[in-house]
$ cat upload_36.pdb   # PDB, N, CA and C atoms
MODEL        1
ATOM      1  N   MET A  19       0.828  -1.181   0.000  1.00  0.00           N
ATOM      2  CA  MET A  19       0.000   0.000   0.000  1.00  0.00           C
ATOM      3  C   MET A  19       0.878   1.253   0.000  1.00  0.00           C
ATOM      4  N   PRO A  20       1.769   1.429  -0.961  1.00  0.00           N
ATOM      5  CA  PRO A  20       2.586   2.636  -0.977  1.00  0.00           C
ATOM      6  C   PRO A  20       1.716   3.886  -1.117  1.00  0.00           C
ATOM      7  N   THR A  21       1.995   4.870  -0.329  1.00  0.00           N
ATOM      8  CA  THR A  21       1.209   6.097  -0.360  1.00  0.00           C
ATOM      9  C   THR A  21       2.020   7.238   0.208  1.00  0.00           C
ATOM     10  N   ARG A  22       1.736   8.431  -0.236  1.00  0.00           N
ATOM     11  CA  ARG A  22       2.408   9.613   0.311  1.00  0.00           C
ATOM     12  C   ARG A  22       1.650  10.136   1.520  1.00  0.00           C
ATOM     13  N   ARG A  23       0.433   9.729   1.652  1.00  0.00           N
ATOM     14  CA  ARG A  23      -0.413  10.118   2.785  1.00  0.00           C
ATOM     15  C   ARG A  23      -1.044   8.840   3.343  1.00  0.00           C
ATOM     16  N   ASP A  24      -1.729   8.947   4.439  1.00  0.00           N
ATOM     17  CA  ASP A  24      -2.350   7.765   5.031  1.00  0.00           C
ATOM     18  C   ASP A  24      -3.746   7.550   4.457  1.00  0.00           C
ATOM     19  N   THR A  25      -3.853   7.523   3.135  1.00  0.00           N
ATOM     20  CA  THR A  25      -5.164   7.410   2.501  1.00  0.00           C
ATOM     21  C   THR A  25      -5.698   5.990   2.473  1.00  0.00           C
ATOM     22  N   GLN A  26      -4.823   5.002   2.593  1.00  0.00           N
ATOM     23  CA  GLN A  26      -5.279   3.613   2.600  1.00  0.00           C
ATOM     24  C   GLN A  26      -5.220   3.012   3.995  1.00  0.00           C
ATOM     25  N   GLY A  27      -5.238   3.816   5.027  1.00  0.00           N
ATOM     26  CA  GLY A  27      -5.066   3.354   6.398  1.00  0.00           C
ATOM     27  C   GLY A  27      -6.063   2.309   6.839  1.00  0.00           C
ATOM     28  N   VAL A  28      -7.332   2.530   6.583  1.00  0.00           N
ATOM     29  CA  VAL A  28      -8.354   1.590   7.033  1.00  0.00           C
ATOM     30  C   VAL A  28      -8.207   0.261   6.302  1.00  0.00           C
ATOM     31  N   MET A  29      -8.034   0.310   5.013  1.00  0.00           N
ATOM     32  CA  MET A  29      -7.888  -0.928   4.249  1.00  0.00           C
ATOM     33  C   MET A  29      -6.649  -1.694   4.707  1.00  0.00           C
ATOM     34  N   SER A  30      -5.558  -1.013   4.944  1.00  0.00           N
ATOM     35  CA  SER A  30      -4.340  -1.674   5.402  1.00  0.00           C
ATOM     36  C   SER A  30      -4.558  -2.348   6.751  1.00  0.00           C
ATOM     37  N   CYS A  31      -5.240  -1.676   7.654  1.00  0.00           N
ATOM     38  CA  CYS A  31      -5.542  -2.268   8.972  1.00  0.00           C
ATOM     39  C   CYS A  31      -6.392  -3.518   8.825  1.00  0.00           C
ATOM     40  N   GLU A  32      -7.355  -3.473   7.915  1.00  0.00           N
ATOM     41  CA  GLU A  32      -8.201  -4.640   7.692  1.00  0.00           C
ATOM     42  C   GLU A  32      -7.389  -5.803   7.131  1.00  0.00           C
ATOM     43  N   LEU A  33      -6.517  -5.535   6.173  1.00  0.00           N
ATOM     44  CA  LEU A  33      -5.684  -6.591   5.603  1.00  0.00           C
ATOM     45  C   LEU A  33      -4.802  -7.215   6.669  1.00  0.00           C
ATOM     46  N   VAL A  34      -4.143  -6.378   7.460  1.00  0.00           N
ATOM     47  CA  VAL A  34      -3.245  -6.849   8.507  1.00  0.00           C
ATOM     48  C   VAL A  34      -4.015  -7.659   9.545  1.00  0.00           C
ATOM     49  N   THR A  35      -5.206  -7.211   9.900  1.00  0.00           N
ATOM     50  CA  THR A  35      -6.012  -7.909  10.902  1.00  0.00           C
ATOM     51  C   THR A  35      -6.264  -9.357  10.505  1.00  0.00           C
ATOM     52  N   TYR A  36      -6.489  -9.598   9.231  1.00  0.00           N
ATOM     53  CA  TYR A  36      -6.781 -10.949   8.773  1.00  0.00           C
ATOM     54  C   TYR A  36      -5.537 -11.731   8.365  1.00  0.00           C
ATOM     55  N   GLY A  37      -4.350 -11.213   8.724  1.00  0.00           N
ATOM     56  CA  GLY A  37      -3.108 -11.933   8.497  1.00  0.00           C
ATOM     57  C   GLY A  37      -2.540 -11.814   7.106  1.00  0.00           C
ATOM     58  N   ILE A  38      -3.049 -10.887   6.308  1.00  0.00           N
ATOM     59  CA  ILE A  38      -2.561 -10.701   4.945  1.00  0.00           C
ATOM     60  C   ILE A  38      -1.306  -9.836   4.990  1.00  0.00           C
ATOM     61  N   PRO A  39      -0.232 -10.252   4.310  1.00  0.00           N
ATOM     62  CA  PRO A  39       0.990  -9.438   4.301  1.00  0.00           C
ATOM     63  C   PRO A  39       0.737  -8.085   3.644  1.00  0.00           C
ATOM     64  N   VAL A  40       1.315  -7.039   4.222  1.00  0.00           N
ATOM     65  CA  VAL A  40       1.159  -5.686   3.698  1.00  0.00           C
ATOM     66  C   VAL A  40       2.533  -5.034   3.580  1.00  0.00           C
ATOM     67  N   ILE A  41       2.781  -4.420   2.446  1.00  0.00           N
ATOM     68  CA  ILE A  41       3.963  -3.588   2.248  1.00  0.00           C
ATOM     69  C   ILE A  41       3.450  -2.161   2.196  1.00  0.00           C
ATOM     70  N   THR A  42       3.941  -1.313   3.076  1.00  0.00           N
ATOM     71  CA  THR A  42       3.421   0.043   3.184  1.00  0.00           C
ATOM     72  C   THR A  42       4.555   1.056   3.245  1.00  0.00           C
ATOM     73  N   SER A  43       4.215   2.305   3.100  1.00  0.00           N
ATOM     74  CA  SER A  43       5.190   3.386   3.143  1.00  0.00           C
ATOM     75  C   SER A  43       5.785   3.518   4.537  1.00  0.00           C
ATOM     76  N   ASP A  44       7.044   3.911   4.573  1.00  0.00           N
ATOM     77  CA  ASP A  44       7.742   4.098   5.845  1.00  0.00           C
ATOM     78  C   ASP A  44       7.491   5.511   6.358  1.00  0.00           C
ATOM     79  N   LEU A  45       6.238   5.750   6.742  1.00  0.00           N
ATOM     80  CA  LEU A  45       5.834   7.035   7.314  1.00  0.00           C
ATOM     81  C   LEU A  45       5.672   6.869   8.817  1.00  0.00           C
ATOM     82  N   PRO A  46       5.867   7.939   9.593  1.00  0.00           N
ATOM     83  CA  PRO A  46       5.696   7.819  11.043  1.00  0.00           C
ATOM     84  C   PRO A  46       4.344   7.227  11.442  1.00  0.00           C
ATOM     85  N   VAL A  47       3.273   7.632  10.778  1.00  0.00           N
ATOM     86  CA  VAL A  47       1.950   7.117  11.132  1.00  0.00           C
ATOM     87  C   VAL A  47       1.849   5.622  10.842  1.00  0.00           C
ATOM     88  N   CYS A  48       2.487   5.166   9.772  1.00  0.00           N
ATOM     89  CA  CYS A  48       2.467   3.735   9.450  1.00  0.00           C
ATOM     90  C   CYS A  48       3.283   2.953  10.469  1.00  0.00           C
ATOM     91  N   ARG A  49       4.406   3.509  10.893  1.00  0.00           N
ATOM     92  CA  ARG A  49       5.213   2.854  11.944  1.00  0.00           C
ATOM     93  C   ARG A  49       4.420   2.776  13.244  1.00  0.00           C
ATOM     94  N   GLU A  50       3.680   3.850  13.544  1.00  0.00           N
ATOM     95  CA  GLU A  50       2.875   3.869  14.770  1.00  0.00           C
ATOM     96  C   GLU A  50       1.788   2.791  14.729  1.00  0.00           C
ATOM     97  N   ILE A  51       1.133   2.667  13.594  1.00  0.00           N
ATOM     98  CA  ILE A  51       0.018   1.740  13.460  1.00  0.00           C
ATOM     99  C   ILE A  51       0.477   0.285  13.317  1.00  0.00           C
ATOM    100  N   PHE A  52       1.525   0.054  12.530  1.00  0.00           N
ATOM    101  CA  PHE A  52       1.912  -1.305  12.173  1.00  0.00           C
ATOM    102  C   PHE A  52       3.210  -1.790  12.805  1.00  0.00           C
ATOM    103  N   GLY A  53       3.878  -0.942  13.569  1.00  0.00           N
ATOM    104  CA  GLY A  53       5.146  -1.335  14.170  1.00  0.00           C
ATOM    105  C   GLY A  53       5.006  -2.604  15.006  1.00  0.00           C
ATOM    106  N   GLY A  54       5.946  -3.509  14.842  1.00  0.00           N
ATOM    107  CA  GLY A  54       5.942  -4.731  15.625  1.00  0.00           C
ATOM    108  C   GLY A  54       5.111  -5.866  15.063  1.00  0.00           C
ATOM    109  N   LEU A  55       4.404  -5.627  13.974  1.00  0.00           N
ATOM    110  CA  LEU A  55       3.600  -6.690  13.362  1.00  0.00           C
ATOM    111  C   LEU A  55       4.446  -7.455  12.344  1.00  0.00           C
ATOM    112  N   ASN A  56       4.386  -8.782  12.401  1.00  0.00           N
ATOM    113  CA  ASN A  56       5.217  -9.606  11.530  1.00  0.00           C
ATOM    114  C   ASN A  56       4.775  -9.637  10.084  1.00  0.00           C
ATOM    115  N   ASN A  57       3.550  -9.246   9.802  1.00  0.00           N
ATOM    116  CA  ASN A  57       3.086  -9.327   8.417  1.00  0.00           C
ATOM    117  C   ASN A  57       3.084  -7.966   7.720  1.00  0.00           C
ATOM    118  N   VAL A  58       3.931  -7.031   8.198  1.00  0.00           N
ATOM    119  CA  VAL A  58       4.043  -5.710   7.574  1.00  0.00           C
ATOM    120  C   VAL A  58       5.505  -5.403   7.290  1.00  0.00           C
ATOM    121  N   ALA A  59       5.763  -4.913   6.077  1.00  0.00           N
ATOM    122  CA  ALA A  59       7.091  -4.432   5.694  1.00  0.00           C
ATOM    123  C   ALA A  59       6.964  -2.965   5.290  1.00  0.00           C
ATOM    124  N   PHE A  60       8.004  -2.199   5.544  1.00  0.00           N
ATOM    125  CA  PHE A  60       8.002  -0.768   5.250  1.00  0.00           C
ATOM    126  C   PHE A  60       8.991  -0.458   4.136  1.00  0.00           C
ATOM    127  N   ILE A  61       8.587   0.431   3.222  1.00  0.00           N
ATOM    128  CA  ILE A  61       9.488   0.884   2.155  1.00  0.00           C
ATOM    129  C   ILE A  61       9.526   2.405   2.153  1.00  0.00           C
ATOM    130  N   LYS A  62      10.651   2.940   1.710  1.00  0.00           N
ATOM    131  CA  LYS A  62      10.835   4.389   1.625  1.00  0.00           C
ATOM    132  C   LYS A  62      10.169   4.918   0.351  1.00  0.00           C
ATOM    133  N   ASN A  63       9.439   6.010   0.470  1.00  0.00           N
ATOM    134  CA  ASN A  63       8.786   6.603  -0.701  1.00  0.00           C
ATOM    135  C   ASN A  63       9.762   7.336  -1.608  1.00  0.00           C
ATOM    136  N   ASN A  64      10.893   7.751  -1.073  1.00  0.00           N
ATOM    137  CA  ASN A  64      11.792   8.594  -1.857  1.00  0.00           C
ATOM    138  C   ASN A  64      12.870   7.813  -2.598  1.00  0.00           C
ATOM    139  N   GLU A  65      12.801   6.498  -2.588  1.00  0.00           N
ATOM    140  CA  GLU A  65      13.759   5.703  -3.349  1.00  0.00           C
ATOM    141  C   GLU A  65      13.241   5.510  -4.763  1.00  0.00           C
ATOM    142  N   ASN A  66      14.120   5.704  -5.742  1.00  0.00           N
ATOM    143  CA  ASN A  66      13.706   5.585  -7.139  1.00  0.00           C
ATOM    144  C   ASN A  66      13.426   4.145  -7.547  1.00  0.00           C
ATOM    145  N   VAL A  67      14.231   3.224  -7.045  1.00  0.00           N
ATOM    146  CA  VAL A  67      14.061   1.823  -7.413  1.00  0.00           C
ATOM    147  C   VAL A  67      13.936   1.013  -6.135  1.00  0.00           C
ATOM    148  N   ILE A  68      12.842   0.304  -6.024  1.00  0.00           N
ATOM    149  CA  ILE A  68      12.613  -0.551  -4.865  1.00  0.00           C
ATOM    150  C   ILE A  68      12.427  -1.966  -5.382  1.00  0.00           C
ATOM    151  N   ASP A  69      13.197  -2.878  -4.855  1.00  0.00           N
ATOM    152  CA  ASP A  69      13.105  -4.278  -5.244  1.00  0.00           C
ATOM    153  C   ASP A  69      11.991  -4.924  -4.423  1.00  0.00           C
ATOM    154  N   LEU A  70      10.756  -4.802  -4.908  1.00  0.00           N
ATOM    155  CA  LEU A  70       9.605  -5.314  -4.177  1.00  0.00           C
ATOM    156  C   LEU A  70       9.653  -6.831  -3.995  1.00  0.00           C
ATOM    157  N   LYS A  71      10.261  -7.527  -4.932  1.00  0.00           N
ATOM    158  CA  LYS A  71      10.364  -8.979  -4.801  1.00  0.00           C
ATOM    159  C   LYS A  71      11.188  -9.329  -3.557  1.00  0.00           C
ATOM    160  N   THR A  72      12.299  -8.638  -3.352  1.00  0.00           N
ATOM    161  CA  THR A  72      13.127  -8.876  -2.177  1.00  0.00           C
ATOM    162  C   THR A  72      12.397  -8.473  -0.904  1.00  0.00           C
ATOM    163  N   VAL A  73      11.735  -7.323  -0.929  1.00  0.00           N
ATOM    164  CA  VAL A  73      10.965  -6.872   0.238  1.00  0.00           C
ATOM    165  C   VAL A  73       9.902  -7.906   0.584  1.00  0.00           C
ATOM    166  N   TYR A  74       9.202  -8.383  -0.425  1.00  0.00           N
ATOM    167  CA  TYR A  74       8.139  -9.364  -0.225  1.00  0.00           C
ATOM    168  C   TYR A  74       8.696 -10.686   0.319  1.00  0.00           C
ATOM    169  N   ASN A  75       9.795 -11.159  -0.263  1.00  0.00           N
ATOM    170  CA  ASN A  75      10.388 -12.412   0.201  1.00  0.00           C
ATOM    171  C   ASN A  75      10.895 -12.290   1.635  1.00  0.00           C
ATOM    172  N   ASN A  76      11.477 -11.151   1.996  1.00  0.00           N
ATOM    173  CA  ASN A  76      11.906 -10.920   3.380  1.00  0.00           C
ATOM    174  C   ASN A  76      10.703 -10.904   4.323  1.00  0.00           C
ATOM    175  N   LEU A  77       9.622 -10.319   3.854  1.00  0.00           N
ATOM    176  CA  LEU A  77       8.392 -10.277   4.647  1.00  0.00           C
ATOM    177  C   LEU A  77       7.863 -11.694   4.888  1.00  0.00           C
ATOM    178  N   LEU A  78       7.875 -12.506   3.865  1.00  0.00           N
ATOM    179  CA  LEU A  78       7.381 -13.877   3.999  1.00  0.00           C
ATOM    180  C   LEU A  78       8.256 -14.719   4.928  1.00  0.00           C
ATOM    181  N   ASP A  79       9.558 -14.392   4.999  1.00  0.00           N
ATOM    182  CA  ASP A  79      10.453 -15.139   5.889  1.00  0.00           C
ATOM    183  C   ASP A  79      10.037 -15.025   7.354  1.00  0.00           C
ATOM    184  N   LYS A  80       9.484 -13.884   7.734  1.00  0.00           N
ATOM    185  CA  LYS A  80       9.077 -13.686   9.134  1.00  0.00           C
ATOM    186  C   LYS A  80       7.558 -13.673   9.295  1.00  0.00           C
ATOM    187  N   TYR A  81       6.856 -13.975   8.239  1.00  0.00           N
ATOM    188  CA  TYR A  81       5.397 -13.891   8.185  1.00  0.00           C
ATOM    189  C   TYR A  81       4.718 -14.908   9.088  1.00  0.00           C
ATOM    190  N   ASP A  82       3.700 -14.455   9.779  1.00  0.00           N
ATOM    191  CA  ASP A  82       2.861 -15.312  10.610  1.00  0.00           C
ATOM    192  C   ASP A  82       1.429 -15.095  10.128  1.00  0.00           C
ATOM    193  N   SER A  83       0.811 -16.122   9.605  1.00  0.00           N
ATOM    194  CA  SER A  83      -0.497 -15.962   8.962  1.00  0.00           C
ATOM    195  C   SER A  83      -1.655 -15.826   9.939  1.00  0.00           C
ATOM    196  N   LYS A  84      -1.392 -15.904  11.230  1.00  0.00           N
ATOM    197  CA  LYS A  84      -2.475 -15.794  12.201  1.00  0.00           C
ATOM    198  C   LYS A  84      -3.063 -14.383  12.204  1.00  0.00           C
ATOM    199  N   LYS A  85      -4.342 -14.317  12.490  1.00  0.00           N
ATOM    200  CA  LYS A  85      -4.990 -13.010  12.604  1.00  0.00           C
ATOM    201  C   LYS A  85      -4.399 -12.253  13.780  1.00  0.00           C
ATOM    202  N   THR A  86      -4.234 -10.960  13.633  1.00  0.00           N
ATOM    203  CA  THR A  86      -3.757 -10.143  14.739  1.00  0.00           C
ATOM    204  C   THR A  86      -4.954  -9.621  15.517  1.00  0.00           C
ATOM    205  N   LYS A  87      -4.795  -9.492  16.805  1.00  0.00           N
ATOM    206  CA  LYS A  87      -5.883  -9.006  17.644  1.00  0.00           C
ATOM    207  C   LYS A  87      -5.834  -7.491  17.820  1.00  0.00           C
ATOM    208  N   ARG A  88      -4.773  -6.866  17.318  1.00  0.00           N
ATOM    209  CA  ARG A  88      -4.609  -5.429  17.520  1.00  0.00           C
ATOM    210  C   ARG A  88      -5.793  -4.621  17.000  1.00  0.00           C
ATOM    211  N   TYR A  89      -6.340  -5.014  15.855  1.00  0.00           N
ATOM    212  CA  TYR A  89      -7.463  -4.264  15.273  1.00  0.00           C
ATOM    213  C   TYR A  89      -8.738  -5.086  15.227  1.00  0.00           C
ATOM    214  N   GLY A  90      -8.828  -6.120  16.032  1.00  0.00           N
ATOM    215  CA  GLY A  90     -10.026  -6.941  16.099  1.00  0.00           C
ATOM    216  C   GLY A  90     -11.116  -6.263  16.925  1.00  0.00           C
ATOM    217  N   TYR A  91     -12.235  -6.935  17.046  1.00  0.00           N
ATOM    218  CA  TYR A  91     -13.422  -6.400  17.721  1.00  0.00           C
ATOM    219  C   TYR A  91     -13.123  -5.905  19.131  1.00  0.00           C
ATOM    220  N   ILE A  92     -12.420  -6.697  19.916  1.00  0.00           N
ATOM    221  CA  ILE A  92     -12.185  -6.344  21.323  1.00  0.00           C
ATOM    222  C   ILE A  92     -11.396  -5.043  21.453  1.00  0.00           C
ATOM    223  N   GLN A  93     -10.434  -4.830  20.561  1.00  0.00           N
ATOM    224  CA  GLN A  93      -9.579  -3.646  20.646  1.00  0.00           C
ATOM    225  C   GLN A  93     -10.159  -2.415  19.934  1.00  0.00           C
ATOM    226  N   THR A  94     -11.257  -2.572  19.233  1.00  0.00           N
ATOM    227  CA  THR A  94     -11.801  -1.441  18.479  1.00  0.00           C
ATOM    228  C   THR A  94     -13.277  -1.214  18.785  1.00  0.00           C
ATOM    229  N   VAL A  95     -14.121  -1.996  18.171  1.00  0.00           N
ATOM    230  CA  VAL A  95     -15.570  -1.778  18.266  1.00  0.00           C
ATOM    231  C   VAL A  95     -16.064  -1.880  19.702  1.00  0.00           C
ATOM    232  N   ARG A  96     -15.622  -2.898  20.432  1.00  0.00           N
ATOM    233  CA  ARG A  96     -16.092  -3.065  21.802  1.00  0.00           C
ATOM    234  C   ARG A  96     -15.728  -1.852  22.670  1.00  0.00           C
ATOM    235  N   LEU A  97     -14.546  -1.307  22.484  1.00  0.00           N
ATOM    236  CA  LEU A  97     -14.154  -0.120  23.247  1.00  0.00           C
ATOM    237  C   LEU A  97     -15.074   1.059  22.942  1.00  0.00           C
ATOM    238  N   GLU A  98     -15.439   1.215  21.679  1.00  0.00           N
ATOM    239  CA  GLU A  98     -16.356   2.284  21.290  1.00  0.00           C
ATOM    240  C   GLU A  98     -17.742   2.053  21.883  1.00  0.00           C
ATOM    241  N   GLU A  99     -18.207   0.817  21.858  1.00  0.00           N
ATOM    242  CA  GLU A  99     -19.514   0.484  22.428  1.00  0.00           C
ATOM    243  C   GLU A  99     -19.549   0.811  23.924  1.00  0.00           C
ATOM    244  N   GLU A 100     -18.490   0.460  24.633  1.00  0.00           N
ATOM    245  CA  GLU A 100     -18.416   0.732  26.065  1.00  0.00           C
ATOM    246  C   GLU A 100     -18.400   2.239  26.337  1.00  0.00           C
ATOM    247  N   LEU A 101     -17.701   2.976  25.497  1.00  0.00           N
ATOM    248  CA  LEU A 101     -17.664   4.431  25.637  1.00  0.00           C
ATOM    249  C   LEU A 101     -19.045   5.036  25.434  1.00  0.00           C
ATOM    250  N   ILE A 102     -19.768   4.564  24.435  1.00  0.00           N
ATOM    251  CA  ILE A 102     -21.115   5.063  24.158  1.00  0.00           C
ATOM    252  C   ILE A 102     -22.063   4.733  25.307  1.00  0.00           C
ATOM    253  N   LYS A 103     -21.951   3.541  25.860  1.00  0.00           N
ATOM    254  CA  LYS A 103     -22.814   3.128  26.956  1.00  0.00           C
ATOM    255  C   LYS A 103     -22.620   3.981  28.217  1.00  0.00           C
ATOM    256  N   LYS A 104     -21.408   4.478  28.412  1.00  0.00           N
ATOM    257  CA  LYS A 104     -21.127   5.329  29.578  1.00  0.00           C
ATOM    258  C   LYS A 104     -21.804   6.676  29.407  1.00  0.00           C
TER
ENDMDL
END
$ encode --input "upload_36.pdb" --output "structure tokens"
Amino acid sequence: MPTRRDTQGVMSCELVTYGIPVITSDLPVCREIFGGLNNVAFIKNNENVIDLKTVYNNLLDKYDSKKTKRYGYIQTVRLEEELIKK
């Protein structure tokens, strides 16, 4: 999901939640959201040539296909529901 802005943020979170590998821009907001997740790789936007095959293969080497709980129901929707109920 290379981007100069965080325009694909929601879609990227959904992909990551279901264990799909994501290659995204190395922006501070992307590091904040996806840092520490095994199925995310970061690339620099200002590089003229990026070897995506190598990035992808490196990502697969550490890839864990399990769903992440970071953006699942308990960590997102349920918190909002509890806030509304208060």
$ resolve_selection --input "upload_36.pdb" --expression "the PyMOL selection byres (((chain A and resi 57 and name CA) around 8) and name CA)" --output "tab-separated table (two decimals) with N, CA and C atoms, in the frame of the given file"
chain	number	residue	atom	x	y	z
A	34	VAL	N	-4.14	-6.38	7.46
A	34	VAL	CA	-3.24	-6.85	8.51
A	34	VAL	C	-4.01	-7.66	9.54
A	37	GLY	N	-4.35	-11.21	8.72
A	37	GLY	CA	-3.11	-11.93	8.50
A	37	GLY	C	-2.54	-11.81	7.11
A	38	ILE	N	-3.05	-10.89	6.31
A	38	ILE	CA	-2.56	-10.70	4.94
A	38	ILE	C	-1.31	-9.84	4.99
A	39	PRO	N	-0.23	-10.25	4.31
A	39	PRO	CA	0.99	-9.44	4.30
A	39	PRO	C	0.74	-8.09	3.64
A	40	VAL	N	1.32	-7.04	4.22
A	40	VAL	CA	1.16	-5.69	3.70
A	40	VAL	C	2.53	-5.03	3.58
A	55	LEU	N	4.40	-5.63	13.97
A	55	LEU	CA	3.60	-6.69	13.36
A	55	LEU	C	4.45	-7.46	12.34
A	56	ASN	N	4.39	-8.78	12.40
A	56	ASN	CA	5.22	-9.61	11.53
A	56	ASN	C	4.78	-9.64	10.08
A	58	VAL	N	3.93	-7.03	8.20
A	58	VAL	CA	4.04	-5.71	7.57
A	58	VAL	C	5.50	-5.40	7.29
A	59	ALA	N	5.76	-4.91	6.08
A	59	ALA	CA	7.09	-4.43	5.69
A	59	ALA	C	6.96	-2.96	5.29
A	77	LEU	N	9.62	-10.32	3.85
A	77	LEU	CA	8.39	-10.28	4.65
A	77	LEU	C	7.86	-11.69	4.89
A	78	LEU	N	7.88	-12.51	3.86
A	78	LEU	CA	7.38	-13.88	4.00
A	78	LEU	C	8.26	-14.72	4.93
A	80	LYS	N	9.48	-13.88	7.73
A	80	LYS	CA	9.08	-13.69	9.13
A	80	LYS	C	7.56	-13.67	9.30
A	81	TYR	N	6.86	-13.98	8.24
A	81	TYR	CA	5.40	-13.89	8.18
A	81	TYR	C	4.72	-14.91	9.09
A	82	ASP	N	3.70	-14.46	9.78
A	82	ASP	CA	2.86	-15.31	10.61
A	82	ASP	C	1.43	-15.10	10.13
A	83	SER	N	0.81	-16.12	9.60
A	83	SER	CA	-0.50	-15.96	8.96
A	83	SER	C	-1.66	-15.83	9.94
$ select_by_dssp --input "upload_36.pdb" --residues "segment 20-104 of chain A" --states "alpha helix (DSSP H)" --output "number ranges by chain"
A: 27-35, 46-52, 70-79, 95-103
$ write_last_selection --input "upload_36.pdb" --atoms "N, CA and C atoms" --output "CSV table (one decimal), keeping the file's coordinate frame"
chain,number,residue,atom,x,y,z
A,27,GLY,N,-5.2,3.8,5.0
A,27,GLY,CA,-5.1,3.4,6.4
A,27,GLY,C,-6.1,2.3,6.8
A,28,VAL,N,-7.3,2.5,6.6
A,28,VAL,CA,-8.4,1.6,7.0
A,28,VAL,C,-8.2,0.3,6.3
A,29,MET,N,-8.0,0.3,5.0
A,29,MET,CA,-7.9,-0.9,4.2
A,29,MET,C,-6.6,-1.7,4.7
A,30,SER,N,-5.6,-1.0,4.9
A,30,SER,CA,-4.3,-1.7,5.4
A,30,SER,C,-4.6,-2.3,6.8
A,31,CYS,N,-5.2,-1.7,7.7
A,31,CYS,CA,-5.5,-2.3,9.0
A,31,CYS,C,-6.4,-3.5,8.8
A,32,GLU,N,-7.4,-3.5,7.9
A,32,GLU,CA,-8.2,-4.6,7.7
A,32,GLU,C,-7.4,-5.8,7.1
A,33,LEU,N,-6.5,-5.5,6.2
A,33,LEU,CA,-5.7,-6.6,5.6
A,33,LEU,C,-4.8,-7.2,6.7
A,34,VAL,N,-4.1,-6.4,7.5
A,34,VAL,CA,-3.2,-6.8,8.5
A,34,VAL,C,-4.0,-7.7,9.5
A,35,THR,N,-5.2,-7.2,9.9
A,35,THR,CA,-6.0,-7.9,10.9
A,35,THR,C,-6.3,-9.4,10.5
A,46,PRO,N,5.9,7.9,9.6
A,46,PRO,CA,5.7,7.8,11.0
A,46,PRO,C,4.3,7.2,11.4
A,47,VAL,N,3.3,7.6,10.8
A,47,VAL,CA,2.0,7.1,11.1
A,47,VAL,C,1.8,5.6,10.8
A,48,CYS,N,2.5,5.2,9.8
A,48,CYS,CA,2.5,3.7,9.4
A,48,CYS,C,3.3,3.0,10.5
A,49,ARG,N,4.4,3.5,10.9
A,49,ARG,CA,5.2,2.9,11.9
A,49,ARG,C,4.4,2.8,13.2
A,50,GLU,N,3.7,3.8,13.5
A,50,GLU,CA,2.9,3.9,14.8
A,50,GLU,C,1.8,2.8,14.7
A,51,ILE,N,1.1,2.7,13.6
A,51,ILE,CA,0.0,1.7,13.5
A,51,ILE,C,0.5,0.3,13.3
A,52,PHE,N,1.5,0.1,12.5
A,52,PHE,CA,1.9,-1.3,12.2
A,52,PHE,C,3.2,-1.8,12.8
A,70,LEU,N,10.8,-4.8,-4.9
A,70,LEU,CA,9.6,-5.3,-4.2
A,70,LEU,C,9.7,-6.8,-4.0
A,71,LYS,N,10.3,-7.5,-4.9
A,71,LYS,CA,10.4,-9.0,-4.8
A,71,LYS,C,11.2,-9.3,-3.6
A,72,THR,N,12.3,-8.6,-3.4
A,72,THR,CA,13.1,-8.9,-2.2
A,72,THR,C,12.4,-8.5,-0.9
A,73,VAL,N,11.7,-7.3,-0.9
A,73,VAL,CA,11.0,-6.9,0.2
A,73,VAL,C,9.9,-7.9,0.6
A,74,TYR,N,9.2,-8.4,-0.4
A,74,TYR,CA,8.1,-9.4,-0.2
A,74,TYR,C,8.7,-10.7,0.3
A,75,ASN,N,9.8,-11.2,-0.3
A,75,ASN,CA,10.4,-12.4,0.2
A,75,ASN,C,10.9,-12.3,1.6
A,76,ASN,N,11.5,-11.2,2.0
A,76,ASN,CA,11.9,-10.9,3.4
A,76,ASN,C,10.7,-10.9,4.3
A,77,LEU,N,9.6,-10.3,3.9
A,77,LEU,CA,8.4,-10.3,4.6
A,77,LEU,C,7.9,-11.7,4.9
A,78,LEU,N,7.9,-12.5,3.9
A,78,LEU,CA,7.4,-13.9,4.0
A,78,LEU,C,8.3,-14.7,4.9
A,79,ASP,N,9.6,-14.4,5.0
A,79,ASP,CA,10.5,-15.1,5.9
A,79,ASP,C,10.0,-15.0,7.4
A,95,VAL,N,-14.1,-2.0,18.2
A,95,VAL,CA,-15.6,-1.8,18.3
A,95,VAL,C,-16.1,-1.9,19.7
A,96,ARG,N,-15.6,-2.9,20.4
A,96,ARG,CA,-16.1,-3.1,21.8
A,96,ARG,C,-15.7,-1.9,22.7
A,97,LEU,N,-14.5,-1.3,22.5
A,97,LEU,CA,-14.2,-0.1,23.2
A,97,LEU,C,-15.1,1.1,22.9
A,98,GLU,N,-15.4,1.2,21.7
A,98,GLU,CA,-16.4,2.3,21.3
A,98,GLU,C,-17.7,2.1,21.9
A,99,GLU,N,-18.2,0.8,21.9
A,99,GLU,CA,-19.5,0.5,22.4
A,99,GLU,C,-19.5,0.8,23.9
A,100,GLU,N,-18.5,0.5,24.6
A,100,GLU,CA,-18.4,0.7,26.1
A,100,GLU,C,-18.4,2.2,26.3
A,101,LEU,N,-17.7,3.0,25.5
A,101,LEU,CA,-17.7,4.4,25.6
A,101,LEU,C,-19.0,5.0,25.4
A,102,ILE,N,-19.8,4.6,24.4
A,102,ILE,CA,-21.1,5.1,24.2
A,102,ILE,C,-22.1,4.7,25.3
A,103,LYS,N,-22.0,3.5,25.9
A,103,LYS,CA,-22.8,3.1,27.0
A,103,LYS,C,-22.6,4.0,28.2
$ atom_distance --input "upload_36.pdb" --atom1 "atom C of Gln93 of chain A" --atom2 "atom C of Glu32 of chain A"
13.5 Å
